[in-house]
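J.: After the structure tokens below, expect a handful of questions from me.
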Amino acid sequence: MDISQLNPQQQEAACHGEGPLLILAGAGSGKTRVITCRIAHLSAARGVAPENILAVTFTNKAAREMRERVEEMLGKKRCKGMVIATFHSLCVRILREDIEALGYKKNFSIYSTADQLRLIKDLIQQVDIGGRKFDAERVLYAISDAKNRLVPPEKFAVKYHDDYEYMAAAVYPRYQKALKAFNAVDFDDLIMLVARLLQEQPAVLEKYRARFRYILVDEYQDTNAAQYLLLKLLAGGHRNLCVVGDDDQSIYGWRGADLGNILEFERDFPGARVVKLEQNYRSTGNILAAANAVIKNNGKRREKALWTADGAGPRVDYLLCEDEEDEARAVMERIHGERFREELNYSDFAILYRTNVQSRAFEEQLRYENIPYVLIGGQQFFDRKEVKDLIAYLKVLVNHRDEVNLLRILNYPKRGIGETTADRLIRHSAQTQNPLWEVLKSAGELDDLGDKAQEAIAAFVALMERYRRLFNRHGMMVETLRELIAEVRLEQEIYRTVDDPAKARRRVENMEEVANALASYLEREESPSLPGFLEKVSLLDEERPGRDSKEKKLERDAVVLMSIHSSKGLEFPHVFLVGMEEEFLPHKKTLTETFDLDEERRLCYVGITRARRRLVLTGARRRKKYGEMQLRVPSRFLAEIPAELLNASRGEEPPQLPEEEKDQRASKAFANIMSILGD
DNA sequence: GTTGCGTTTATTTTT
DNA sequence: TAAACGCAAC
């Protein structure tokens, strides 16, 4: 480890000893370097044992990179036992060990969003408020939000008195009860249950406090109430908590992230040392000045200003285009020109937008001009039906109480257990309080089922029990999986139901990808298991079979298209921040419903600070929306960038007037009209 | 069990 | 505009 390569503030942070530490790390200020150096410092200079170090991140990618870099510095051997994990995978580890204290079994399933939605749809039907229909996603969102805020079902308060709140209030307790009966937890539970476990079980808390004596947290601005409590409990004894983050880059408020956590760190951990990292090693001076100018308009924030030792660079460009097509063409023009002039790769360019629909015009133009591009985001591999079906089999094999997935596969592919039979089975299960799986096992004794149905059920039970045994054979898991696919005829089912042969083939290949993912998991893992594989799959850890994960896509020589959210943590020599218009950035929703303009401004800030050497902002005068042409107004954030930093070509118009002036102008216009009317 | 048609709705998505 | 969904009809 070479501390001397760090700047003074970075050194101060990396070498801090005991007690709480807040590192306010501006965009591009080398925070990963500081965190990894700090871990190395704790280990090498202060003799902290690896198993006493816990580093928590939000993404698998961040965790992986952190581990790699620490291993590079310390050597693999001295990192053994160190826990560098995401919040979720840390919590799974803890729960696998200690969840029984909460009344779950250790083979609990982790429910994906799709699993959650299936369950919630079902529960909405059961509650049934006057036959009115409800969007399950909105109900799920309300429940998830409650969990993130640590609000238990019985304390869920209806505040705004809208229908969805009442529905959520009705569904939430049932949902939570069902999950427990199914021996399943959702993503939010992973955090919430661990927080509860630590709160209610002093012995468990002591165990982990003794184990994790030094805790480091990355992207602290993104922590929610549950994660905060978890950290507070874990660090409660020794207070060796080091958090790194940037309040200006908090863009996940809508997922429960609580900006207060980073703003109030010293209040929560008195005596905390605060280190600001403001030197930026990424962008040119003008880009940073633009970023600073925008973000300083936010009210609640930690004052900081990024600076660079490098030059100012060219000014930030602003292109006001006619419409979305013109905008796309303008961006292409720039890509062609710059690429040629500076001998750049396509992958040096990124096009960032607020909403995914905006990518379309750019995709079309890129394709038209034969420029290679990758689109990041969109449908996830595990959202594909065929993958979910196969995974459902595996989930049930591991946890037969998982009724959401049991019902998913009970008659898929068709095996003669129709809807009527299923309904009867479910009713029996409800009446006798017996898990559905037990009802299936004893279905032979039920007199309201026909012989055919009973036979089919018995065959299904036998199939599942057989595969449960088969999967336990050592070193045969991939073969077993393929046998399972063949035996239940999943492929035939796809070819039967999908009429487009190419599409069908792709789906079958996706299923094969699951087998490949399992194979690569088996290769990598020391003591692999089916539950272990499912866990990786659920937590979207590297076994994700999609042949184009975000990381892989970024390796190709292609222009990158993605949302501003997806771009956090990345950087590109040339960035196009497109659609700089009111109702995109800030988004219409925040103007009419959520009113969190600050988060939109942070989003703008994140977009700007992705650029290393050149930033181009674009917008259109009009664009087609919902099939209709609309006039567009330049984003108010443009007006926050000082004119001398901006290079406005194309349109003559300067960025829009500041808000107050616009208001004044509007009220003057209003006064005029009134006076005319008054005459 | 499909197919087809009308209705509805339209952010962001680290796990 | 377009995609996703639900419901009714085949």
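Here's how to read the names in the structure tokens: chain A, B, ... by the order shown, residue numbers from 1 in each chain, ligand numbers from 1 in the order shown.
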Enumerate as a list of chain:residue names the residues belonging to chain A that approach chain B to within 8 Å, with only C-alpha atoms (C1' of nucleotides) taken into account.

T.: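 Residues of chain A within 8 Å of chain B, counting only C-alpha atoms (C1' of nucleotides): A:Phe58, A:Thr59, A:His88, A:Phe187, A:Arg354, A:Thr355, A:Leu539, A:Leu540, A:Ser563, A:His565, A:His587, A:Lys589.
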
J.: With a cut-off of 12 Å, could you pull out the residues of chain C touching chain A and give me the nearest pair of atoms for each, distance in Å to one decimal, using only C-alpha atoms (C1' of nucleotides), ordered by chain and ascending number, as a tab-separated table?

T.:
```
residue	atom	partner	partner_atom	distance
C:DT1	C1'	A:Gly627	CA	4.3
C:DA2	C1'	A:Tyr626	CA	8.5
C:DA3	C1'	A:Tyr626	CA	11.9
C:DC5	C1'	A:Asp135	CA	10.5
C:DG6	C1'	A:Lys133	CA	10.2
```

J.: Pull all heavy atoms from the residues just selected and write them as a CSV table (one decimal), in the first residue's frame.

T.:
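result_17.csv was written with the following content:
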```csv
chain,number,residue,atom,x,y,z
C,1,DT,P,-50.6,7.9,-33.6
C,1,DT,OP1,-50.6,8.3,-35.0
C,1,DT,OP2,-51.6,7.0,-33.1
C,1,DT,O5',-49.2,7.3,-33.2
C,1,DT,C5',-48.1,8.0,-32.9
C,1,DT,C4',-47.2,7.2,-32.0
C,1,DT,O4',-47.5,7.4,-30.6
C,1,DT,C3',-47.4,5.7,-32.2
C,1,DT,O3',-46.1,5.1,-32.3
C,1,DT,C2',-48.2,5.2,-31.0
C,1,DT,C1',-47.8,6.2,-30.0
C,1,DT,N1,-48.9,6.6,-29.0
C,1,DT,C2,-48.7,6.4,-27.7
C,1,DT,O2,-47.7,5.9,-27.2
C,1,DT,N3,-49.8,6.8,-26.9
C,1,DT,C4,-51.0,7.3,-27.3
C,1,DT,O4,-51.8,7.6,-26.5
C,1,DT,C5,-51.1,7.5,-28.7
C,1,DT,C7,-52.3,8.1,-29.3
C,1,DT,C6,-50.1,7.1,-29.5
C,2,DA,P,-45.9,3.6,-32.5
C,2,DA,OP1,-44.5,3.5,-32.9
C,2,DA,OP2,-47.0,3.0,-33.1
C,2,DA,O5',-46.0,3.2,-30.9
C,2,DA,C5',-44.8,3.0,-30.1
C,2,DA,C4',-45.3,2.1,-29.0
C,2,DA,O4',-46.4,2.7,-28.3
C,2,DA,C3',-45.8,0.8,-29.5
C,2,DA,O3',-45.5,-0.2,-28.5
C,2,DA,C2',-47.3,0.9,-29.4
C,2,DA,C1',-47.4,1.7,-28.2
C,2,DA,N9,-48.7,2.4,-28.0
C,2,DA,C8,-49.7,2.7,-28.9
C,2,DA,N7,-50.7,3.2,-28.4
C,2,DA,C5,-50.5,3.4,-27.0
C,2,DA,C6,-51.2,3.9,-26.0
C,2,DA,N6,-52.4,4.4,-26.1
C,2,DA,N1,-50.6,3.8,-24.8
C,2,DA,C2,-49.4,3.3,-24.6
C,2,DA,N3,-48.6,2.8,-25.6
C,2,DA,C4,-49.2,2.8,-26.8
C,3,DA,P,-44.5,-1.3,-28.7
C,3,DA,OP1,-43.3,-0.8,-29.2
C,3,DA,OP2,-45.2,-2.4,-29.5
C,3,DA,O5',-44.3,-1.9,-27.2
C,3,DA,C5',-44.2,-0.9,-26.2
C,3,DA,C4',-45.1,-1.4,-25.0
C,3,DA,O4',-46.4,-0.7,-25.1
C,3,DA,C3',-45.4,-2.9,-25.0
C,3,DA,O3',-45.4,-3.3,-23.7
C,3,DA,C2',-46.9,-2.9,-25.5
C,3,DA,C1',-47.4,-1.7,-24.9
C,3,DA,N9,-48.7,-1.2,-25.5
C,3,DA,C8,-49.0,-1.2,-26.8
C,3,DA,N7,-50.2,-0.7,-27.1
C,3,DA,C5,-50.6,-0.2,-25.8
C,3,DA,C6,-51.8,0.5,-25.4
C,3,DA,N6,-52.7,0.8,-26.3
C,3,DA,N1,-51.9,0.8,-24.1
C,3,DA,C2,-50.9,0.5,-23.3
C,3,DA,N3,-49.7,-0.2,-23.6
C,3,DA,C4,-49.7,-0.5,-24.9
C,5,DC,P,-48.6,-6.6,-18.1
C,5,DC,OP1,-47.9,-6.6,-16.9
C,5,DC,OP2,-48.4,-7.7,-19.1
C,5,DC,O5',-50.2,-6.5,-17.8
C,5,DC,C5',-50.7,-5.3,-17.4
C,5,DC,C4',-52.2,-5.3,-17.6
C,5,DC,O4',-52.5,-5.0,-19.0
C,5,DC,C3',-52.9,-6.6,-17.3
C,5,DC,O3',-53.8,-6.5,-16.3
C,5,DC,C2',-53.5,-7.1,-18.6
C,5,DC,C1',-53.6,-5.7,-19.4
C,5,DC,N1,-53.6,-5.9,-20.9
C,5,DC,C2,-54.6,-5.3,-21.7
C,5,DC,O2,-55.5,-4.7,-21.1
C,5,DC,N3,-54.5,-5.5,-23.0
C,5,DC,C4,-53.5,-6.2,-23.6
C,5,DC,N4,-53.5,-6.3,-24.9
C,5,DC,C5,-52.5,-6.8,-22.8
C,5,DC,C6,-52.6,-6.6,-21.5
C,6,DG,P,-54.4,-7.8,-15.5
C,6,DG,OP1,-54.2,-7.6,-14.1
C,6,DG,OP2,-53.9,-9.0,-16.2
C,6,DG,O5',-55.9,-7.6,-15.9
C,6,DG,C5',-56.5,-6.3,-16.0
C,6,DG,C4',-57.8,-6.4,-16.7
C,6,DG,O4',-57.6,-6.4,-18.1
C,6,DG,C3',-58.6,-7.7,-16.3
C,6,DG,O3',-60.0,-7.3,-16.2
C,6,DG,C2',-58.3,-8.6,-17.6
C,6,DG,C1',-58.2,-7.6,-18.7
C,6,DG,N9,-57.4,-8.0,-19.8
C,6,DG,C8,-56.2,-8.7,-19.8
C,6,DG,N7,-55.7,-8.9,-20.9
C,6,DG,C5,-56.6,-8.4,-21.8
C,6,DG,C6,-56.6,-8.3,-23.3
C,6,DG,O6,-55.8,-8.7,-24.0
C,6,DG,N1,-57.7,-7.7,-23.8
C,6,DG,C2,-58.7,-7.1,-23.0
C,6,DG,N2,-59.7,-6.5,-23.6
C,6,DG,N3,-58.8,-7.2,-21.7
C,6,DG,C4,-57.7,-7.8,-21.2
```

J.: To one decimal in Å, tell me the separation between atom CA of Glu154 of chain A and atom CA of Ser538 of chain A.

T.: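 Atom-to-atom, atom CA of Glu154 of chain A and atom CA of Ser538 of chain A are spaced 28.2 Å apart.
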
J.: Using only C-alpha atoms (C1' of nucleotides), which protein or nucleic acid residues come within 10 Å of segment 155-157 of chain A? Drop anything in the same chain fewer than 2 positions from it, and give the result as a list in words.

T.: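 Close residues of segment 155-157 of chain A: Ala142, Ile143, Ala146, Lys147, Leu150, Val151, Pro152, Pro153, Lys159, Tyr160, His161, Glu165, Tyr166, Ala168, Ala169, Ala170, Tyr172 and Pro173 of chain A.
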
J.: From a backbone DSSP assignment, name each residue in segment 416-630 of chain A labelled strand (DSSP E or B), as number ranges by chain.

T.: A: 559-563, 572-577, 581, 583-584, 587, 611-620, 622-625, 628-630

J.: Keeping C-alpha atoms for every residue in the selection just given, could you write it to a file as a CSV table (one decimal), in the first residue's frame?

T.:
```
chain,number,residue,atom,x,y,z
A,559,VAL,CA,-21.6,4.1,-27.8
A,560,VAL,CA,-23.3,3.7,-24.5
A,561,LEU,CA,-26.9,4.6,-23.9
A,562,MET,CA,-28.4,4.6,-20.4
A,563,SER,CA,-30.4,6.4,-17.9
A,572,PHE,CA,-16.9,8.7,-19.9
A,573,PRO,CA,-14.6,11.1,-21.8
A,574,HIS,CA,-17.6,12.5,-23.7
A,575,VAL,CA,-21.0,12.7,-22.3
A,576,PHE,CA,-24.2,13.8,-23.9
A,577,LEU,CA,-26.8,14.8,-21.4
A,581,GLU,CA,-36.1,20.1,-20.9
A,583,GLU,CA,-40.8,17.7,-17.5
A,584,PHE,CA,-37.8,15.4,-18.3
A,587,HIS,CA,-39.3,15.1,-14.4
A,611,ALA,CA,-18.0,13.6,-18.1
A,612,ARG,CA,-14.3,13.7,-18.1
A,613,ARG,CA,-13.4,16.0,-21.0
A,614,ARG,CA,-16.4,17.1,-22.8
A,615,LEU,CA,-20.0,17.6,-21.9
A,616,VAL,CA,-22.7,18.3,-24.4
A,617,LEU,CA,-26.2,19.2,-23.1
A,618,THR,CA,-29.1,19.0,-25.6
A,619,GLY,CA,-32.7,19.7,-25.7
A,620,ALA,CA,-35.5,20.0,-28.3
A,622,ARG,CA,-40.7,20.3,-29.6
A,623,ARG,CA,-41.1,16.6,-29.5
A,624,LYS,CA,-43.7,13.9,-30.0
A,625,LYS,CA,-45.1,12.7,-26.8
A,628,GLU,CA,-48.8,14.2,-30.1
A,629,MET,CA,-46.4,17.1,-30.9
A,630,GLN,CA,-45.6,19.2,-27.9
```

J.: List the neighbours of segment 304-307 of chain A out to 12 Å using only C-alpha atoms (C1' of nucleotides); skip same-chain residues closer than 4 positions along the sequence, and give me the result as a ChimeraX atom specification.

T.: /A:24-29,246-248,275-296,298,311-312,605,609

J.: Those same residues - C-alpha atoms - I'd like them written as an mmCIF file, in the first residue's frame.

T.:
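Here's the written file result15.cif:
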```cif
data_model
loop_
_atom_site.group_PDB
_atom_site.id
_atom_site.type_symbol
_atom_site.label_atom_id
_atom_site.label_comp_id
_atom_site.auth_asym_id
_atom_site.auth_seq_id
_atom_site.Cartn_x
_atom_site.Cartn_y
_atom_site.Cartn_z
ATOM 1 C CA LEU A 24 -17.788 13.275 2.208
ATOM 2 C CA ALA A 25 -16.526 12.226 -1.145
ATOM 3 C CA GLY A 26 -17.445 14.425 -4.076
ATOM 4 C CA ALA A 27 -17.881 12.921 -7.505
ATOM 5 C CA GLY A 28 -14.620 11.617 -8.927
ATOM 6 C CA SER A 29 -12.664 12.331 -5.751
ATOM 7 C CA ASP A 246 -21.926 12.184 -1.234
ATOM 8 C CA ASP A 247 -25.220 13.797 -0.323
ATOM 9 C CA ASP A 248 -25.158 15.524 -3.705
ATOM 10 C CA VAL A 275 -13.260 14.561 6.073
ATOM 11 C CA LYS A 276 -14.173 16.232 2.800
ATOM 12 C CA LEU A 277 -12.716 15.031 -0.455
ATOM 13 C CA GLU A 278 -13.168 17.855 -2.916
ATOM 14 C CA GLN A 279 -10.308 17.404 -5.310
ATOM 15 C CA ASN A 280 -11.649 15.853 -8.439
ATOM 16 C CA TYR A 281 -9.505 13.610 -10.608
ATOM 17 C CA ARG A 282 -12.007 13.076 -13.344
ATOM 18 C CA SER A 283 -13.335 16.150 -15.075
ATOM 19 C CA THR A 284 -12.079 19.381 -16.549
ATOM 20 C CA GLY A 285 -12.540 22.696 -14.731
ATOM 21 C CA ASN A 286 -15.466 23.936 -16.779
ATOM 22 C CA ILE A 287 -17.418 20.751 -16.283
ATOM 23 C CA LEU A 288 -16.845 20.938 -12.542
ATOM 24 C CA ALA A 289 -17.776 24.612 -12.458
ATOM 25 C CA ALA A 290 -21.040 23.798 -14.222
ATOM 26 C CA ALA A 291 -21.718 20.977 -11.776
ATOM 27 C CA ASN A 292 -20.967 23.172 -8.777
ATOM 28 C CA ALA A 293 -23.131 25.966 -10.122
ATOM 29 C CA VAL A 294 -26.110 23.670 -10.470
ATOM 30 C CA ILE A 295 -25.841 21.822 -7.186
ATOM 31 C CA LYS A 296 -25.324 24.881 -5.059
ATOM 32 C CA ASN A 298 -29.997 22.843 -3.397
ATOM 33 C CA GLY A 311 -7.080 22.871 -16.815
ATOM 34 C CA ALA A 312 -10.459 24.386 -17.557
ATOM 35 C CA TYR A 605 -25.430 16.891 -11.117
ATOM 36 C CA THR A 609 -20.093 14.830 -13.338
#
```

J.: Could you give me, as a count of residues only, the residues within 9 Å of Glu266 of chain A, counting only C-alpha atoms (C1' of nucleotides) and dropping anything in the same chain fewer than 4 positions from it?

T.: 9

J.: Based on the backbone DSSP call, show me all residues of segment 162-266 of chain A assigned helix (DSSP H, G or I), as an MDAnalysis selection string.

T.: chainID A and resid 163:181 187:200 202:211 220:222 225:234 247:249 253:255 260:263 265:266

J.: Please produce an output containing C-alpha atoms for each residue in the selection, written as a PDB file, in the first residue's frame.

T.:
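Contents of part.pdb, as written:
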```pdb
ATOM      1  CA  ASP A 163     -57.700   3.930  -1.998  1.00  0.00           C
ATOM      2  CA  TYR A 164     -54.233   2.565  -2.439  1.00  0.00           C
ATOM      3  CA  GLU A 165     -53.320   3.306   1.115  1.00  0.00           C
ATOM      4  CA  TYR A 166     -56.352   1.431   2.356  1.00  0.00           C
ATOM      5  CA  MET A 167     -55.550  -1.449   0.078  1.00  0.00           C
ATOM      6  CA  ALA A 168     -51.929  -1.490   1.190  1.00  0.00           C
ATOM      7  CA  ALA A 169     -53.025  -1.341   4.814  1.00  0.00           C
ATOM      8  CA  ALA A 170     -55.223  -4.371   4.223  1.00  0.00           C
ATOM      9  CA  VAL A 171     -52.718  -6.330   2.167  1.00  0.00           C
ATOM     10  CA  TYR A 172     -49.555  -5.643   4.142  1.00  0.00           C
ATOM     11  CA  PRO A 173     -50.393  -7.798   7.212  1.00  0.00           C
ATOM     12  CA  ARG A 174     -51.651 -10.620   5.038  1.00  0.00           C
ATOM     13  CA  TYR A 175     -48.620 -10.369   2.814  1.00  0.00           C
ATOM     14  CA  GLN A 176     -46.228 -10.551   5.708  1.00  0.00           C
ATOM     15  CA  LYS A 177     -48.113 -13.464   7.229  1.00  0.00           C
ATOM     16  CA  ALA A 178     -48.115 -15.301   3.923  1.00  0.00           C
ATOM     17  CA  LEU A 179     -44.387 -14.811   3.460  1.00  0.00           C
ATOM     18  CA  LYS A 180     -43.738 -16.305   6.850  1.00  0.00           C
ATOM     19  CA  ALA A 181     -46.048 -19.240   6.159  1.00  0.00           C
ATOM     20  CA  PHE A 187     -35.535  -8.025  -0.407  1.00  0.00           C
ATOM     21  CA  ASP A 188     -36.766  -5.542   2.122  1.00  0.00           C
ATOM     22  CA  ASP A 189     -37.156  -8.260   4.730  1.00  0.00           C
ATOM     23  CA  LEU A 190     -33.514  -9.192   4.365  1.00  0.00           C
ATOM     24  CA  ILE A 191     -32.550  -5.875   5.893  1.00  0.00           C
ATOM     25  CA  MET A 192     -35.534  -5.407   8.151  1.00  0.00           C
ATOM     26  CA  LEU A 193     -35.387  -8.864   9.673  1.00  0.00           C
ATOM     27  CA  VAL A 194     -31.706  -8.569  10.456  1.00  0.00           C
ATOM     28  CA  ALA A 195     -32.314  -5.216  12.096  1.00  0.00           C
ATOM     29  CA  ARG A 196     -35.054  -6.805  14.154  1.00  0.00           C
ATOM     30  CA  LEU A 197     -32.930  -9.809  14.974  1.00  0.00           C
ATOM     31  CA  LEU A 198     -30.143  -7.624  16.278  1.00  0.00           C
ATOM     32  CA  GLN A 199     -32.594  -5.524  18.206  1.00  0.00           C
ATOM     33  CA  GLU A 200     -34.419  -8.388  19.851  1.00  0.00           C
ATOM     34  CA  PRO A 202     -28.859  -9.484  22.565  1.00  0.00           C
ATOM     35  CA  ALA A 203     -26.771 -12.618  22.170  1.00  0.00           C
ATOM     36  CA  VAL A 204     -26.897 -12.399  18.390  1.00  0.00           C
ATOM     37  CA  LEU A 205     -26.079  -8.708  18.495  1.00  0.00           C
ATOM     38  CA  GLU A 206     -23.087  -9.366  20.725  1.00  0.00           C
ATOM     39  CA  LYS A 207     -21.863 -12.061  18.400  1.00  0.00           C
ATOM     40  CA  TYR A 208     -21.784  -9.784  15.385  1.00  0.00           C
ATOM     41  CA  ARG A 209     -20.476  -6.811  17.308  1.00  0.00           C
ATOM     42  CA  ALA A 210     -17.556  -8.903  18.461  1.00  0.00           C
ATOM     43  CA  ARG A 211     -17.010 -10.143  14.962  1.00  0.00           C
ATOM     44  CA  TYR A 220     -23.911   5.994   2.635  1.00  0.00           C
ATOM     45  CA  GLN A 221     -26.251   8.609   1.164  1.00  0.00           C
ATOM     46  CA  ASP A 222     -28.291   5.748  -0.258  1.00  0.00           C
ATOM     47  CA  ALA A 225     -33.997   3.690   7.724  1.00  0.00           C
ATOM     48  CA  ALA A 226     -33.624  -0.093   8.035  1.00  0.00           C
ATOM     49  CA  GLN A 227     -30.025  -0.058   6.878  1.00  0.00           C
ATOM     50  CA  TYR A 228     -29.297   2.826   9.183  1.00  0.00           C
ATOM     51  CA  LEU A 229     -30.664   0.987  12.204  1.00  0.00           C
ATOM     52  CA  LEU A 230     -28.723  -2.094  11.223  1.00  0.00           C
ATOM     53  CA  LEU A 231     -25.479  -0.134  11.119  1.00  0.00           C
ATOM     54  CA  LYS A 232     -26.248   1.721  14.295  1.00  0.00           C
ATOM     55  CA  LEU A 233     -26.815  -1.556  16.127  1.00  0.00           C
ATOM     56  CA  LEU A 234     -23.748  -3.262  14.711  1.00  0.00           C
ATOM     57  CA  ASP A 247     -25.220  13.797  -0.323  1.00  0.00           C
ATOM     58  CA  ASP A 248     -25.158  15.524  -3.705  1.00  0.00           C
ATOM     59  CA  GLN A 249     -25.366  12.172  -5.421  1.00  0.00           C
ATOM     60  CA  GLY A 253     -34.910   8.805  -2.426  1.00  0.00           C
ATOM     61  CA  TRP A 254     -37.826   7.159  -4.205  1.00  0.00           C
ATOM     62  CA  ARG A 255     -36.521   3.816  -3.021  1.00  0.00           C
ATOM     63  CA  GLY A 260     -30.922  12.584   6.648  1.00  0.00           C
ATOM     64  CA  ASN A 261     -28.597   9.673   7.386  1.00  0.00           C
ATOM     65  CA  ILE A 262     -25.615  11.403   5.848  1.00  0.00           C
ATOM     66  CA  LEU A 263     -26.691  14.942   6.756  1.00  0.00           C
ATOM     67  CA  PHE A 265     -24.178  11.689  10.841  1.00  0.00           C
ATOM     68  CA  GLU A 266     -22.449  13.700  13.565  1.00  0.00           C
TER      69      GLU A 266
END
```

J.: For Asp2 of chain A, work out the shell of residues within 9 Å, counting only C-alpha atoms (C1' of nucleotides) and skipping chain neighbours fewer than 3 positions away, then give it as a compact mmCIF listing (two decimals) with N, CA and C atoms, in the first residue's frame.

T.:
```
# COMPACT_ATOMS: atom_id res chain seq x y z
N GLN A 5 0.65 8.23 -2.24
CA GLN A 5 -0.03 8.60 -3.48
C GLN A 5 -1.34 9.32 -3.23
N LEU A 6 -1.77 9.32 -1.98
CA LEU A 6 -3.04 9.97 -1.66
C LEU A 6 -2.81 11.44 -1.35
N CYS A 37 -7.73 1.78 0.64
CA CYS A 37 -6.51 2.09 1.38
C CYS A 37 -6.76 2.03 2.88
N MET A 73 -3.63 -5.13 -2.76
CA MET A 73 -2.76 -4.41 -1.83
C MET A 73 -2.20 -5.30 -0.74
```

J.: Expressed in Å to a single decimal, how great is the separation between atom CA of Met332 of chain A and atom CA of Ile371 of chain A?

T.: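 Separation between atom CA of Met332 of chain A and atom CA of Ile371 of chain A: 8.8 Å.
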
J.: Extract, using only C-alpha atoms (C1' of nucleotides), all DNA, RNA and protein residues at most 12 Å from segment 410-413 of chain A, discarding same-chain residues fewer than 2 positions from it, and format them as number ranges by chain.

T.: A: 385-386, 388-390, 392-393, 396, 400, 402-408, 415-423, 425-426, 436-437, 440, 453, 456-461, 463-464, 485-497
